[in-house]
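Read through the structure below, which is laid out as structure tokens, and then see the notes.
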Amino acid sequence: MGSSTSIPIVPIASDRVFIITGANTGIGYEIAKWCAMMGATVILACRSEDRAKKAMETMQEEFTTEKAKGTKGITESPSLAIEFMKLDLASFQSVVDFCEEFKKSGRQLHVLFCNAGLGFCPYKKSGDGLEMMLQVNYLSHFIIIAKLLSIMRRSGPDCRIVLTSSSFHKKGTFDVATMNYTGNAANFPDRNYYGRSKLYQVMQAIAMSRRLKDSNVTINSMHPGFVDSELFRDLDRGIARCCFCCFRTCGVMKSTLNGATTGIDLATNPKHAGVSGHYWVDCKITTPCSTSRDEQKQEMLWKETFPFIRKYLTDEEMADLEGKSKNRL
Ligand SMILES: NC(=O)c1ccc[n+]([C@@H]2O[C@H](COP(=O)([O-])OP(=O)(O)OC[C@H]3O[C@@H](n4cnc5c(N)ncnc54)[C@H](OP(=O)(O)O)[C@@H]3O)[C@@H](O)[C@H]2O)c1
């Protein structure tokens with residue numbers, strides 16, 4: 001165990017490939033760094049090459065520091081196996097290109113960590129015409145999962161998908177008819193739509209775990225805690241910004257490292273192999289809200305998601321999602 005962290009460090013073979021979205025900062029940064037320090041090959045899937053490359057440099061420096069401190073269990077390699085791949089979740093074309101490039105590499109995929117997210121942002125429409133948090137937090141990650149699932153199915157035992165959701169999923173309304181906000185931008189209920197996007201992730205993990213039953217791939221969602229990251233960068237309105245500053249100074253918020261612990265545990269801990277369809281908080285299975293546990297609603301969400309993304313998925317990928325692909329091993 002290292003002196004600076006309570007993360008359970010498990011050795012990971014360097015041929016285990018992890019993709020972590022939004023790994024250049026915040027919770028994703030710590031998840032990527034620690035998984036790489038345990039030995040995994042980690043792909044930082046980020047929208048800014050510049051920010052990702054700076055993050056990779058810092059990761060290498062922090063790795064050197066951990067080694068100098070004598071942190072036990074981290075890789076003996078001279079440097080971390082970390083790489084950048086371009087991914088802008090606000091563009092479906094970028095998501096498709098990212099998946100195609102990964103497929104072309106011929107690599108296996110053992111952990112897909114859907115972590116990137118936007119929080120509480122004012123109404124923004126993506127280039128694809130959709131409300132931004134719906135697209136970035138939920139739909140784009142859904143496409144990545146659908147497109148890379150066949151690779152994960154062929155990557156050997158114990159492959160894992162983890163979705164960074166939030167306890168805020170409890171604040172999201174379940175109303176599939178208004179999934180994509182089309183009202184007046186000035187009246188946009190940002191907290192509710194952030195909550196919705198996180199609710200969809202909890203529901204997706206449960207619905208998909210049914211489809212992945214008895215396979216080599218698990219899927220779980222998790223809440224990292226209230227974390228002092230850049231997530232609230234758009235929170236520029238009076239009282240909310242004031243409260244946020246108070247929380248920060250009072251030490252109510254977790255560090256990004258503490259916020260990453262549940263994710264690192266879910267991605268790496270051998271004792272979670274085969275455990276699927278759960279919502280995790282503080283490294284423990286926790287009960288999400290009753291709406292998210294409603295199977296009929298999960299299936300309704302599943303069905304209503306496809307009108308937004310169907311044109312980006314092949315018939316084969318659709319069949320694979322349902323566990324009905326002809327090419328399955
Ligand atoms: N912080 C909390 O208290 C908290 C609580 C519950 C759940 N969460 C969840 O934790 C996850 C990580 O958030 P965080 O707190 O670490 O926030 P963060 O510091 O703001 O990190 C968010 C990451 O997502 C990336 N991202 C945003 N839009 C993107 C896009 N269009 N394409 C690709 N990447 C994009 C960001 O990239 P850029 O640097 O380029 O913007 C950044 O790497 C999110 O899903 C969030 O909802 C956070």
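Residue numbering restarts at 1 in every chain; chains get A, B, ... in the order shown in the structure tokens, and ligands count up from 1 in that same order.
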Expected answer as an MDAnalysis selection string: alpha helix (DSSP H) residues in region 160-247 of chain A:
chainID A and resid 190:211 238:247
Determine, using only C-alpha atoms and all ligand atoms, which residues of chain A have any atom at most 6 Å from an atom of ligand 1, and tabulate each with its shortest atom pair and distance in Å to one decimal place, rows ordered by chain and then rising number, as CSV.
residue,atom,partner,partner_atom_place_in_ligand_line,distance
A:Gly22,CA,ligand 1,43 (O),3.3
A:Ala23,CA,ligand 1,43 (O),5.1
A:Asn24,CA,ligand 1,43 (O),4.7
A:Thr25,CA,ligand 1,43 (O),4.8
A:Gly26,CA,ligand 1,16 (O),3.4
A:Ile27,CA,ligand 1,16 (O),3.8
A:Gly28,CA,ligand 1,16 (O),5.6
A:Cys46,CA,ligand 1,33 (C),4.9
A:Arg47,CA,ligand 1,33 (C),4.5
A:Ser48,CA,ligand 1,40 (O),5.4
A:Leu87,CA,ligand 1,33 (C),5.5
A:Asp88,CA,ligand 1,32 (N),3.6
A:Leu89,CA,ligand 1,32 (N),3.8
A:Ala90,CA,ligand 1,31 (N),4.2
A:Asn115,CA,ligand 1,45 (O),4.8
A:Ala116,CA,ligand 1,24 (O),3.4
A:Gly117,CA,ligand 1,45 (O),3.6
A:Leu118,CA,ligand 1,27 (C),5.2
A:Gly119,CA,ligand 1,47 (O),5.7
A:Val136,CA,ligand 1,31 (N),5.6
A:Thr164,CA,ligand 1,45 (O),5.1
A:Ser165,CA,ligand 1,7 (C),5.4
A:Ser166,CA,ligand 1,6 (C),4.0
A:His223,CA,ligand 1,6 (C),5.4
A:Pro224,CA,ligand 1,6 (C),5.4
A:Gly225,CA,ligand 1,5 (C),5.3
A:Phe226,CA,ligand 1,3 (O),3.5
A:Val227,CA,ligand 1,3 (O),3.6
A:Asp228,CA,ligand 1,1 (N),5.7
A:Ser229,CA,ligand 1,19 (O),4.2
A:Glu230,CA,ligand 1,19 (O),3.7
A:Leu231,CA,ligand 1,20 (O),3.3
Just want the 12 Å neighbourhood of Glu61 (chain A), counted on only C-alpha atoms, with same-chain residues fewer than 3 positions away dropped. Output as number ranges by chain.
A: 33, 37, 54-58, 64-68, 78-80
Which is closest to Gln135 (chain A) among A:Met179, A:Met318, A:Cys159, A:Ile206, if we use only C-alpha atoms?
A:Met179
Please list as a PyMOL selection string every residue within 12 Å of region 180-192 of chain A, counting only C-alpha atoms and excluding residues in the same chain fewer than 4 positions away.
chain A and resi 118-126+128-135+138-139+166+168-176+196-199+232+234-235+240+304-305+307-308
Any idea what's packed within 9 Å of Glu83 (chain A), counting only C-alpha atoms, ignoring anything in its chain fewer than 5 positions away? Could you give it as a list in words?
Thr41, Val42, Ile43, Leu44, Ala45, Ala52, Lys53 and Met56 of chain A
Measuring atom to atom with only C-alpha atoms, identify which of A:Val275, A:Ile31, A:Cys283, A:Met38 is nearest to Arg210 (chain A).
A:Val275
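Between Ile309 (chain A) and the candidates A:Asn258, A:Thr218, A:Ser140, A:Ser292, the tightest atom-to-atom separation, counting only C-alpha atoms, involves A:Ser140.
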Please, what distance in Å, to one decimal, runs between CA of Phe247 (chain A) and CA of Thr262 (chain A)?
21.5 Å
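Of note, CA of Arg16 (chain A) and CA of Ala36 (chain A) are spaced 10.0 Å apart.
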If you count only C-alpha atoms, the residue of A:Ser14, A:Gly195, A:Thr21, A:Gly277 closest to Gly39 (chain A) turns out to be A:Ser14
